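The structure appears right after this line, and notes come after that.
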Amino acid sequence: AQSVTQLDSQVPVFEEAPVELRCNYSSSVSVYLFWYVQYPNQGLQLLLKYLSGSTLVKGINGFEAEFNKSQTSFHLRKPSVHISDTAEYFCAVSDRGGSEKLVFGKGTKLTVNP
Amino acid sequence: NAGVMQNPRHLVRRRGQEARLRCSPMKGHSHVYWYRQLPEEGLKFMVYLQKENIIDESGMPKERFSAEFPKEGPSILRIQQVVRGDSAAYFCASSPRRQLNEKLFFGSGTQLSVL
């Protein structure tokens with residue numbers, strides 16, 4: 001079974017500042033890793049995913065994440081945030097064995113202030 | 001191309017009533033997944049369906065909850081005799097095929113409130 005821990009429930013930052021949203025996972029098998037974003041009153045959208053290959057993954061809207069197997073982490077970063085990045089961000093994992101289930105963290109609410 | 005459509009967006013029920021949540025997948029998608037998000041929690045998998053088949057219902061509560069995805073029409077998540085603890089956001093997602101989750105598209109959810 002897998003589990004996901006998002007260490008910060010809320011992250012307030014100022015516009016144009018860098019941000020890192022932390023995600024750690026636990027699994028007895030190899031996993032795929034995902035970050036989803038949920039804007040107010042909308043469904044979840046895929047930001048980026050790690051399936052294999054390079055551990056640095058680039059996604060939409062200038063976000064990137066790095067897979068660190070030894071630390072079982074998949075932290076999300078953006079060098080300069082915009083007001084429009086205000087949203088809830090969810091880290092998720094699924095096992096490589098073909099399970100269709102995504103296991104989500106509790107989410108991190110990112111608030112970008114002017 | 002319309003996305004995953006869920007309705008209603010908000011549903012209010014009294015304890016003991018039935019709740020029916022609908023999900024129309026994206027055009028061409030035959031795989032549907034239901035997730036539930038309780039307050040202050042992440043999304044939790046409930047059930048995975050293909051047309052006319054339940055593939056994995058390991059996340060569904062054993063009683064009062066059922067799901068279907070008929071040959072024609074939307075997928076339905078049905079909750080009988082609702083209780084306050086059923087209050088949550090219910091999300092539906094769809095994909096064109098069964099693998100990798102990368103093609104998973106989510107709807108905007110139905111917020112169920114049980115009075």
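By order in the structure tokens, chains are A, B, ...; within a chain, residues start at 1; ligands start at 1, following the order shown.
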
Do me a favour and pick out the residues of chain B within 10 Å of chain A, using only C-alpha atoms, as a ChimeraX atom specification. /B:3-6,9,33-35,37-48,55-56,58-59,91-93,98-109

Which residues are near Lys51 in chain B? Cut-off 9 Å, only C-alpha atoms, ignore same chain within fewer than 6 positions. Put them as a VMD selection string. chain B and resid 30 to 32 68 to 72 75

Contacts of Leu77 in chain B within 7 Å, only C-alpha atoms, excl. fewer than 2 positions in-chain, as a VMD selection string: chain B and resid 20 to 22 66 to 68 75 79

May I have the selected residues written with C-alpha atoms, as a tab-separated table (two decimals), in the first residue's frame?
```tsv
chain	number	residue	atom	x	y	z
B	20	ARG	CA	-27.61	10.30	-6.86
B	21	LEU	CA	-24.49	11.81	-8.36
B	22	ARG	CA	-23.98	11.80	-12.12
B	66	SER	CA	-23.33	1.62	-5.25
B	67	ALA	CA	-22.08	2.68	-8.66
B	68	GLU	CA	-22.95	1.90	-12.22
B	75	SER	CA	-22.11	6.91	-14.59
B	79	ILE	CA	-25.82	6.67	-1.78
```

Just list as number ranges by chain whatever in chain A DSSP marks as strand (DSSP E or B). A: 3-5, 10-14, 19-21, 24-26, 31-38, 44-50, 56-58, 64-68, 73-78, 87-95, 103-104, 108-113

So, with only C-alpha atoms as the atoms that count, which of B:Pro74, B:Val83, B:Thr110, B:Arg97 lies closest to Gly16 in chain B?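 Of B:Pro74, B:Val83, B:Thr110, B:Arg97, the one nearest Gly16 in chain B is B:Val83, counting only C-alpha atoms.
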
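Relative to CA of Leu49 in chain B, CA of Arg36 in chain B is found at 15.2 Å.
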
Polymer residues at most 10 Å from Thr86 in chain A, only C-alpha atoms, same-chain spacing of 5 or more positions, as a list in words: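 Listing them by chain and then by number gives Val11, Pro12, Val13, Val37, Gln38, Tyr39, Pro40, Val81, Lys109, Leu110, Thr111, Val112 and Asn113 of chain A.
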
Name all residues at most 12 Å from Arg14 in chain B (count only C-alpha atoms; drop same-chain ones fewer than 4 positions away) and give them as an MDAnalysis selection string. chainID B and resid 18:19 80:87 112:115

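Proximity to Lys27 in chain B was assessed for B:Pro96, B:Leu11, B:Gln111, B:Asn53 counting only C-alpha atoms; the smallest distance is recorded for B:Pro96.
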
Hey, can you check how far CA of Phe65 in chain B sits from CA of His29 in chain B? 23.5 Å
